[in-house]
Amino acid sequence: MTSIIFRQFLLLILGLFTLTLFTFGISQLFPDPLILSDAHAKTINDSLIENYFNYIAFLSQGEWGLSRISGRSVLDEFFIYFPATLELTTIAIIFALVLGLPLGIYAAENKNKWQDKLIVSTTLIGYSMPIFWWGMLLVLLFALTLGISPVASRIGFEYDILPVTGFMLIDTLLSDQPYALAAFQNALQHLVLPTIVLGTIPLAIFTRVTRSAMIDALSSDYIRTAKAKGLPYDRIIWSHALRNAMIPIVTVIGLQISVLITGTLITEKIFAWPGIGKWLLEAVYRRDLVTLHGGLLAIASLVIIVNIAVEVLVHLVNPKLRHKK
Amino acid sequence: MKFIQFQISQKLLFGLAAALVLSSCNSDEANKVKDDVLVYCSEGSPETFNPQLSTSGTTFDASSRPLYNRLVEFEPGSTFIKPALATQWKVSRSGTEYTFYLRQDVPFHYNNNYKPTRNFNADDVLFSFNRQRFNQHPFHSVTPLSYGYFVSMGLGELIKDIQKIDDYKIKFILNEPNSTFLATLAMDFASILSKEYADHLLKQNQPANIDIQPIGTGPFQLTRYQPDAYIRYKAHENFWGGQPRLKNLVFAITPDPSLRFARTFAKECDIMANPLPVHIEVAGKQTDLEILNEAGLNIAFLSLNTAKTPFNNQTVRIALNHAINKQAIIKKVYQDTASVAKNPIPPSMWSYDNDVADYDFDPERARKLLASAGYEDGFEMTISTMSAQRSYNPNAKKMAQLIQQDLKDVGIKVTIDTYEFGTFLSRTRAGEHHSALMGWISDNGDPDNFFTPLLSCAAANMGTNSSFWCDQKFSNLLRNARIKNDLRSRQSLYKQAQRQFKIASPWVPIAHATQHMIVNPRVQNFKIYPSGGVYFKDVFLSEKLARVKAND
């Protein structure tokens with residue numbers, strides 16, 4: 001077990017190393033040298049290799065440079081915008097899981113019946129839908145025509161919420177305003193459409209993966225044995241079949257992180273969601289290369305870290321791998 | 001058993017649906033909160049909260065208008081000057097000495113970090129002007145932005161001295177008489193900041209905060225700002241001009257016009273800045289939205305950087321004037337809500353010269369002129385535009401594309417570069433552009449406010465003169481017009497200036513736009529003014545209407 005964690009840790013280091021090599025290479029194309037701090041500026045010289053190691057040294061000390069527009073530290077800015085993105089992404093994953101698992105199980109149970117075909121074809125549509133179009137359609141229908149959902153942003157402008165944690169759902173509850181509860185409700189309402197838009201593709205994928213993993217599991221010998229032993233149906237599904245089906249599902253969840261991050265860029269643009277997606281798009285408009293560099297580095301590291309964490313998790317869940325020497 | 005499984009997912013679905021329905025009901029609490037807040041959907045983030053450091057209307061809307069006061073101010077919507085922080089003033093017979101008597105009961109804002117111990121006095125006036133006048137002033141360079149107006153209007157040379165006579169009396173001594181001086185002091189950049197706050201920040205070693213966490217005397221104080229998201233203000237309850245009727249004011253920063261309209265349509269915003277023509281059409285069919293119109297004192301123009309080839313050549317500039325089809329732009333970009341521009345000032349401005357003949361749209365002529373200037377094969381040029389939409393230009397990118405087509409016909413190859421508003425301004429100020437789609441909105445209704453900041457030599461050094469065209473004779477003419485006190489001779493000088501401008505043609509003037517705003521009817525007492533700008537001091541919300549709307 002420890003050897004697996006150690007191996008994954010090495011993989012993480014290697015991944016981050018390759019990433020910095022890439023970002024460093026890109027920064028060589030900037031019109032001005034990328035300067036992370038005053039001390040860093042002094043170390044820049046003609047030797048590329050020396051520059052690269054200094055670059056890594058300053059990055060690892062948390063010196064990610066100052067935004068050319070706001071003058072604030074890029075790393076600080078990242079942590080200002082990141083909670084909004086994390087909140088949305090987490091809720092979207094929960095949404096996709098909570099709906100996707102039961103739907104996949106239900107489809108597997110009814111394999112090749114009309115319910116199954118309906119679910120499979122709907123998920124195909126969900127999977128292939130361009131999300132900016134889907135987002136605009138939902139806004140048009142629920143916000144503008146029916147008026148039952150807000151149009152955009154994290155909370156109604158009438159609520160003045162002090163950003164403490166950066167997570168709107170928590171901050172509204174921490175707020176000492178008399179309208180804290182109404183604000184919480186309002187923040188929930190604002191989450192509904194972005195969650196659906198961002199969660200649609202993962203939902204479709206989770207449903208399909210759960211379905212095929214469950215079909216595999218349900219047709220295996222141990223399920224037949226369990227049925228023969230007369231175990232209750234519930235227990236067969238939830239503790240025998242699903243547990244074994246979880247392995248491909250967890251792997252797919254890990255792979256979804258990069259899909260979600262791409263989706264976030266678009267979803268945040270549609271809903272004026274003040275997260276890293278919107279932050280990076282603004283940086284592109286402002287030609288703020290330092291911010292772009294930092295954002296790229298932060299998001300890519302995040303994807304690498306999450307993927308490796310999932311890999312470790314898969315090893316923990318899968319007894320075959322867990323006990324492998 | 002299978003049935004049970006189905007029920008589980010069904011329950012989940014019902015649960016989610018219930019949560020949706022539950023969360024979409026409007027509670028009384030939510031209504032009450034809405035009654036206290038006016039939401040203004042603005043078009044962009046301010047560059048700073050210090051109006052001294054900006055020339056942009058977006059920044060003034062967010063800073064000088066809600067947060068600060070001037071010694072004297074314009075009656076909103078007119079060029080009539082009324083007392084503000086100064087209750088009265090005297091001008092010496094020579095026209096070079098202005099003595100101001102200051103109001104004595106003016107409290108400043110406060111925030112978590114600072115509580116004022118004294119009211120406004122002459123020290124604050126001295127501080128506010130000296131910061132702009134002297135390079136070595138401790139606050140002169142705390143923010144890396146320039147004093148656009150102060151420098152381009154030549155105030156550094158005009159003001160000889162400012163003397164504090166006592167706490168409530170201050171004297172400005174000028175090097176020469178100036179007929180626009182009082183109007184100049186009423187402009188946004190002449191806002192008065194707190195000296196006590198500045199000292200306090202200096203002690204804390206955070207002088208730059210003076211422009212980030214502003215303390216002023218105005219009707220509203222800043223409570224929270226998140227760039228590209230919102231600005232929150234609350235009423236300044238001790239405001240010297242009487243407590244404002246709004247309790248809270250929020251600027252919802254929404255650069256995307258479709259989203260801005262969607263927010264207004266859904267009543268999340270009470271007022272929408274700069275709607276597109278298509279929004280006005282849709283809102284017109286909606287009985288519960290009001291549309292306000294006003295012919296604007298503004299101009300949109302293509303500024304040609306005369307410091308770069310080939311725009312240093314006058315014939316080329318005139319050729320461009322012939323090559324661009326302005327009528328088509330008015331139709332396609334403004335949907336006929338604007339008029340064609342030929343002079344640098346709008347037709348409703350006094351001294352406008354209607355006798356100036358415009359260059360006709362004549363591509364053949366343009367080609368001939370280009371050939372005579374040695375460019376028979378054309379040349380390549382870049383047009384810089386901004387992604388943000390302005391009241392004088394609803395869609396700069398589209399305008400640039402139309403111009404691109406027109407110029408292609410005369411053999412000029414155009415590349416379009418689009419920038420975010422702040423980047424666009426700093427690039428054009430630094431002269432990095434080849435040509436740029438610019439615009440200007442009057443601050444004070446005086447023609448000088450167009451000519452001097454946009455076309456004088458002083459402004460070329462400063463960068464507000466984006467064509468960098470500097471003709472000393474023309475600048476002298478503007479200076480003469482400024483010194484003169486009688487309207488008739490000023491008028492004839494400005495007419496002369498318009499003719500000279502037309503001959504030199506540093507720009508292609510394009511359009512004068514009509515300003516629009518879409519307003520929720522619960523908003524009372526809100527007006528738009530020819531000179532642009534939004535003022536919320538006397539605006540209020542009618543609660544009953546708000547309640548009816550929310551329960552719809």
# chains A, B, ... in the order shown; residues from 1 in each chain; ligands from 1

call {"tool": "residues_around", "arguments": {"residues": "region 145-157 of chain B", "least_positions_apart": "4", "cutoff": "8 Å", "atoms": "only C-alpha atoms", "output": "MDAnalysis selection string"}}
result
chainID B and resid 52:55 132:133 141 175 189 452:453 456 458:464

call {"tool": "residues_around", "arguments": {"residues": "Met136 (chain A)", "least_positions_apart": "2", "cutoff": "12 Å", "atoms": "only C-alpha atoms", "output": "ChimeraX atom specification"}}
result
/A:130-134,138-144,151-152,193-194,196-197,266-267,269-271 /B:258-259,262

call {"tool": "interface_residues", "arguments": {"of": "chain A", "to": "chain B", "cutoff": "9 Å", "atoms": "only C-alpha atoms", "output": "MDAnalysis selection string"}}
result
chainID A and resid 69:70 98:99 102:103 105:106 109 139:140 143:145 147:153 156:160 162 178:179 182:183 185:186 188:189 192 232:234 270:274 279 282 284:287

call {"tool": "write_last_selection", "arguments": {"atoms": "C-alpha atoms", "output": "PDB file, in the first residue's frame"}}
result
ATOM      1  CA  ILE A  69      -4.119  45.329 -13.632  1.00  0.00           C
ATOM      2  CA  SER A  70      -5.036  45.154  -9.962  1.00  0.00           C
ATOM      3  CA  VAL A  98     -27.113  11.970  -6.821  1.00  0.00           C
ATOM      4  CA  LEU A  99     -29.058  11.738 -10.073  1.00  0.00           C
ATOM      5  CA  PRO A 102     -29.756   5.878  -9.316  1.00  0.00           C
ATOM      6  CA  LEU A 103     -30.528   6.497 -12.984  1.00  0.00           C
ATOM      7  CA  ILE A 105     -28.722   1.528 -11.619  1.00  0.00           C
ATOM      8  CA  TYR A 106     -32.328   1.805 -12.709  1.00  0.00           C
ATOM      9  CA  GLU A 109     -32.012  -3.210 -13.822  1.00  0.00           C
ATOM     10  CA  VAL A 139     -31.931  31.133 -18.837  1.00  0.00           C
ATOM     11  CA  LEU A 140     -34.379  32.081 -21.557  1.00  0.00           C
ATOM     12  CA  ALA A 143     -35.377  33.169 -15.899  1.00  0.00           C
ATOM     13  CA  LEU A 144     -36.815  35.324 -18.661  1.00  0.00           C
ATOM     14  CA  THR A 145     -40.009  33.586 -19.761  1.00  0.00           C
ATOM     15  CA  GLY A 147     -39.414  34.195 -14.158  1.00  0.00           C
ATOM     16  CA  ILE A 148     -38.900  31.461 -11.546  1.00  0.00           C
ATOM     17  CA  SER A 149     -35.120  31.575 -11.543  1.00  0.00           C
ATOM     18  CA  PRO A 150     -32.599  34.413 -11.289  1.00  0.00           C
ATOM     19  CA  VAL A 151     -30.649  35.308 -14.436  1.00  0.00           C
ATOM     20  CA  ALA A 152     -27.059  35.344 -13.246  1.00  0.00           C
ATOM     21  CA  SER A 153     -24.453  35.811 -10.469  1.00  0.00           C
ATOM     22  CA  GLY A 156     -29.259  38.839  -5.509  1.00  0.00           C
ATOM     23  CA  PHE A 157     -27.648  42.273  -5.415  1.00  0.00           C
ATOM     24  CA  GLU A 158     -29.942  43.335  -2.581  1.00  0.00           C
ATOM     25  CA  TYR A 159     -28.096  41.055  -0.150  1.00  0.00           C
ATOM     26  CA  ASP A 160     -24.896  42.416   1.350  1.00  0.00           C
ATOM     27  CA  LEU A 162     -19.414  39.703   3.888  1.00  0.00           C
ATOM     28  CA  PRO A 178     -31.407  39.958   9.659  1.00  0.00           C
ATOM     29  CA  TYR A 179     -31.985  38.519   6.191  1.00  0.00           C
ATOM     30  CA  ALA A 182     -33.499  34.648   2.974  1.00  0.00           C
ATOM     31  CA  ALA A 183     -30.042  35.280   1.539  1.00  0.00           C
ATOM     32  CA  GLN A 185     -32.323  30.668   0.051  1.00  0.00           C
ATOM     33  CA  ASN A 186     -31.539  33.246  -2.599  1.00  0.00           C
ATOM     34  CA  LEU A 188     -29.498  28.382  -3.469  1.00  0.00           C
ATOM     35  CA  GLN A 189     -31.810  29.673  -6.178  1.00  0.00           C
ATOM     36  CA  VAL A 192     -29.845  25.874  -9.604  1.00  0.00           C
ATOM     37  CA  PRO A 232     -32.823  -9.397  -0.333  1.00  0.00           C
ATOM     38  CA  TYR A 233     -32.756  -7.547  -3.662  1.00  0.00           C
ATOM     39  CA  ASP A 234     -31.763  -4.261  -2.013  1.00  0.00           C
ATOM     40  CA  ILE A 270     -22.944  32.640 -19.075  1.00  0.00           C
ATOM     41  CA  PHE A 271     -23.965  33.243 -15.462  1.00  0.00           C
ATOM     42  CA  ALA A 272     -21.500  36.050 -14.653  1.00  0.00           C
ATOM     43  CA  TRP A 273     -20.221  33.774 -11.883  1.00  0.00           C
ATOM     44  CA  PRO A 274     -17.232  35.472 -10.251  1.00  0.00           C
ATOM     45  CA  TRP A 279     -11.150  35.780 -13.817  1.00  0.00           C
ATOM     46  CA  GLU A 282     -10.943  38.913 -18.072  1.00  0.00           C
ATOM     47  CA  VAL A 284      -7.168  37.451 -21.547  1.00  0.00           C
ATOM     48  CA  TYR A 285      -9.075  40.612 -22.456  1.00  0.00           C
ATOM     49  CA  ARG A 286      -6.702  42.701 -20.357  1.00  0.00           C
ATOM     50  CA  ARG A 287      -3.571  41.058 -21.770  1.00  0.00           C
TER      51      ARG A 287
END

call {"tool": "select_by_dssp", "arguments": {"residues": "region 50-168 of chain A", "states": "alpha helix (DSSP H)", "output": "ChimeraX atom specification"}}
result
/A:50-60,74-109,114-128,131-138,168

call {"tool": "atom_distance", "arguments": {"atom1": "CA of Asn395 (chain B)", "atom2": "CA of Gly135 (chain A)"}}
result
24.0 Å

call {"tool": "atom_distance", "arguments": {"atom1": "CA of Asn45 (chain A)", "atom2": "CA of Leu292 (chain A)"}}
result
23.2 Å

call {"tool": "residues_around", "arguments": {"residues": "region 503-511 of chain B", "least_positions_apart": "5", "cutoff": "8 Å", "atoms": "only C-alpha atoms", "output": "list in words"}}
result
Ile299, Ala300, Phe301, Leu302, Ser303, Leu304, Asn305, Thr306, Gln314, Arg317, Ile318, Leu320, Asn321, Lys326, Ile330, Ala338, Ser339, Val340, Ala341, Lys342, Asn343, Pro344, Tyr392, Ser467 and Trp469 of chain B

call {"tool": "select_by_dssp", "arguments": {"residues": "region 91-145 of chain B", "states": "strand (DSSP E)", "output": "ChimeraX atom specification"}}
result
/B:91,97-102

call {"tool": "write_last_selection", "arguments": {"atoms": "N, CA and C atoms", "output": "tab-separated table (two decimals), in the first residue's frame"}}
result
chain	number	residue	atom	x	y	z
B	91	VAL	N	-14.61	86.97	-7.51
B	91	VAL	CA	-13.57	87.00	-8.53
B	91	VAL	C	-13.01	88.42	-8.55
B	97	GLU	N	-7.94	86.24	-9.56
B	97	GLU	CA	-8.01	85.79	-8.17
B	97	GLU	C	-9.43	85.35	-7.82
B	98	TYR	N	-9.56	84.09	-7.41
B	98	TYR	CA	-10.86	83.54	-7.03
B	98	TYR	C	-10.81	83.22	-5.54
B	99	THR	N	-11.68	83.87	-4.76
B	99	THR	CA	-11.73	83.57	-3.33
B	99	THR	C	-13.00	82.77	-3.04
B	100	PHE	N	-12.83	81.63	-2.38
B	100	PHE	CA	-13.98	80.77	-2.07
B	100	PHE	C	-14.23	80.77	-0.57
B	101	TYR	N	-15.50	80.91	-0.19
B	101	TYR	CA	-15.92	80.82	1.21
B	101	TYR	C	-16.51	79.45	1.41
B	102	LEU	N	-15.94	78.69	2.33
B	102	LEU	CA	-16.29	77.26	2.41
B	102	LEU	C	-17.43	76.98	3.39

call {"tool": "residues_around", "arguments": {"residues": "Tyr55 (chain A)", "least_positions_apart": "3", "cutoff": "12 Å", "atoms": "only C-alpha atoms", "output": "ChimeraX atom specification"}}
result
/A:17,20-21,23-25,27-28,33-37,39-45,48-52,58-65

call {"tool": "write_last_selection", "arguments": {"atoms": "C-alpha atoms", "output": "PDB file, in the first residue's frame"}}
result
ATOM      1  CA  PHE A  17       7.762  19.221 -12.949  1.00  0.00           C
ATOM      2  CA  THR A  20       6.458  23.984 -14.830  1.00  0.00           C
ATOM      3  CA  LEU A  21       8.689  23.114 -17.767  1.00  0.00           C
ATOM      4  CA  THR A  23       4.704  27.102 -18.321  1.00  0.00           C
ATOM      5  CA  PHE A  24       8.305  28.234 -18.189  1.00  0.00           C
ATOM      6  CA  GLY A  25       8.624  27.530 -21.913  1.00  0.00           C
ATOM      7  CA  SER A  27       6.693  32.445 -20.440  1.00  0.00           C
ATOM      8  CA  GLN A  28       9.784  32.681 -22.655  1.00  0.00           C
ATOM      9  CA  PRO A  33      10.223  38.577 -18.991  1.00  0.00           C
ATOM     10  CA  LEU A  34       7.869  37.033 -16.450  1.00  0.00           C
ATOM     11  CA  ILE A  35       8.711  38.614 -13.108  1.00  0.00           C
ATOM     12  CA  LEU A  36       7.418  36.923  -9.978  1.00  0.00           C
ATOM     13  CA  SER A  37       8.871  39.327  -7.410  1.00  0.00           C
ATOM     14  CA  ALA A  39      14.007  39.336  -5.772  1.00  0.00           C
ATOM     15  CA  HIS A  40      13.181  37.153  -8.761  1.00  0.00           C
ATOM     16  CA  ALA A  41      13.824  40.013 -11.192  1.00  0.00           C
ATOM     17  CA  LYS A  42      17.396  40.278  -9.884  1.00  0.00           C
ATOM     18  CA  THR A  43      18.116  36.609 -10.570  1.00  0.00           C
ATOM     19  CA  ILE A  44      17.156  36.689 -14.243  1.00  0.00           C
ATOM     20  CA  ASN A  45      20.220  36.212 -16.469  1.00  0.00           C
ATOM     21  CA  LEU A  48      17.971  29.409 -19.349  1.00  0.00           C
ATOM     22  CA  ILE A  49      18.642  26.522 -16.981  1.00  0.00           C
ATOM     23  CA  GLU A  50      19.534  28.797 -14.107  1.00  0.00           C
ATOM     24  CA  ASN A  51      16.464  30.912 -14.841  1.00  0.00           C
ATOM     25  CA  TYR A  52      14.304  27.834 -14.804  1.00  0.00           C
ATOM     26  CA  PHE A  58      10.187  31.351  -6.416  1.00  0.00           C
ATOM     27  CA  LEU A  59       7.015  29.518  -7.439  1.00  0.00           C
ATOM     28  CA  SER A  60       7.410  27.070  -4.583  1.00  0.00           C
ATOM     29  CA  GLN A  61       7.783  29.992  -2.150  1.00  0.00           C
ATOM     30  CA  GLY A  62       4.370  31.243  -3.211  1.00  0.00           C
ATOM     31  CA  GLU A  63       5.761  34.122  -5.301  1.00  0.00           C
ATOM     32  CA  TRP A  64       3.497  33.981  -8.336  1.00  0.00           C
ATOM     33  CA  GLY A  65       3.847  37.574  -9.442  1.00  0.00           C
TER      34      GLY A  65
END

call {"tool": "residues_around", "arguments": {"residues": "region 241-245 of chain A", "least_positions_apart": "4", "cutoff": "10 Å", "atoms": "only C-alpha atoms", "output": "ChimeraX atom specification"}}
result
/A:101,105,209-220,222-223,235-237,249-250,317-319

call {"tool": "write_last_selection", "arguments": {"atoms": "C-alpha atoms", "output": "CSV table (one decimal), in the first residue's frame"}}
result
chain,number,residue,atom,x,y,z
A,101,LEU,CA,-26.1,6.8,-9.8
A,105,ILE,CA,-28.7,1.5,-11.6
A,209,VAL,CA,-20.8,4.4,-16.7
A,210,THR,CA,-22.9,3.3,-13.8
A,211,ARG,CA,-25.3,1.5,-16.1
A,212,SER,CA,-22.6,-0.5,-17.9
A,213,ALA,CA,-20.6,-1.2,-14.7
A,214,MET,CA,-23.9,-2.4,-13.1
A,215,ILE,CA,-24.8,-4.6,-16.1
A,216,ASP,CA,-21.4,-6.2,-15.9
A,217,ALA,CA,-21.7,-6.7,-12.1
A,218,LEU,CA,-25.2,-8.0,-12.2
A,219,SER,CA,-24.3,-10.7,-14.8
A,220,SER,CA,-21.4,-12.0,-12.7
A,222,TYR,CA,-21.3,-13.8,-7.3
A,223,ILE,CA,-24.5,-12.0,-8.0
A,235,ARG,CA,-28.7,-5.8,-0.5
A,236,ILE,CA,-27.7,-7.4,-3.7
A,237,ILE,CA,-27.8,-4.2,-5.6
A,249,ILE,CA,-17.2,5.0,-11.6
A,250,VAL,CA,-14.6,6.5,-9.2
A,317,VAL,CA,-11.5,1.0,-3.0
A,318,ASN,CA,-10.3,-1.9,-5.2
A,319,PRO,CA,-9.3,-4.9,-3.1

call {"tool": "residues_around", "arguments": {"residues": "Pro163 (chain A)", "least_positions_apart": "3", "cutoff": "10 Å", "atoms": "only C-alpha atoms", "output": "ChimeraX atom specification"}}
result
/A:80,160,166-168,170-172,174-175

call {"tool": "write_last_selection", "arguments": {"atoms": "N, CA and C atoms", "output": "PDB file, in the first residue's frame"}}
result
ATOM      1  N   ILE A  80      -9.123  34.269  -3.968  1.00  0.00           N
ATOM      2  CA  ILE A  80     -10.362  35.047  -3.856  1.00  0.00           C
ATOM      3  C   ILE A  80     -11.419  34.458  -4.791  1.00  0.00           C
ATOM      4  N   ASP A 160     -26.284  42.009   1.117  1.00  0.00           N
ATOM      5  CA  ASP A 160     -24.896  42.416   1.350  1.00  0.00           C
ATOM      6  C   ASP A 160     -24.243  41.370   2.237  1.00  0.00           C
ATOM      7  N   GLY A 166     -15.679  32.680   1.405  1.00  0.00           N
ATOM      8  CA  GLY A 166     -15.737  32.714  -0.052  1.00  0.00           C
ATOM      9  C   GLY A 166     -16.801  31.773  -0.591  1.00  0.00           C
ATOM     10  N   PHE A 167     -17.320  30.884   0.257  1.00  0.00           N
ATOM     11  CA  PHE A 167     -18.404  29.999  -0.164  1.00  0.00           C
ATOM     12  C   PHE A 167     -19.719  30.674   0.193  1.00  0.00           C
ATOM     13  N   MET A 168     -20.494  31.029  -0.829  1.00  0.00           N
ATOM     14  CA  MET A 168     -21.669  31.856  -0.590  1.00  0.00           C
ATOM     15  C   MET A 168     -22.652  31.173   0.352  1.00  0.00           C
ATOM     16  N   ILE A 170     -22.123  29.187   2.780  1.00  0.00           N
ATOM     17  CA  ILE A 170     -21.653  29.271   4.170  1.00  0.00           C
ATOM     18  C   ILE A 170     -21.683  30.722   4.641  1.00  0.00           C
ATOM     19  N   ASP A 171     -21.216  31.628   3.781  1.00  0.00           N
ATOM     20  CA  ASP A 171     -21.156  33.039   4.178  1.00  0.00           C
ATOM     21  C   ASP A 171     -22.528  33.611   4.490  1.00  0.00           C
ATOM     22  N   THR A 172     -23.556  33.191   3.748  1.00  0.00           N
ATOM     23  CA  THR A 172     -24.890  33.722   4.028  1.00  0.00           C
ATOM     24  C   THR A 172     -25.330  33.271   5.414  1.00  0.00           C
ATOM     25  N   LEU A 174     -23.339  32.558   7.909  1.00  0.00           N
ATOM     26  CA  LEU A 174     -22.496  33.212   8.916  1.00  0.00           C
ATOM     27  C   LEU A 174     -22.872  34.675   9.099  1.00  0.00           C
ATOM     28  N   SER A 175     -23.562  35.237   8.094  1.00  0.00           N
ATOM     29  CA  SER A 175     -23.841  36.664   8.102  1.00  0.00           C
ATOM     30  C   SER A 175     -24.704  37.045   9.302  1.00  0.00           C
TER      31      SER A 175
END

call {"tool": "atom_distance", "arguments": {"atom1": "CA of Ala92 (chain A)", "atom2": "CA of Gly263 (chain A)"}}
result
10.7 Å
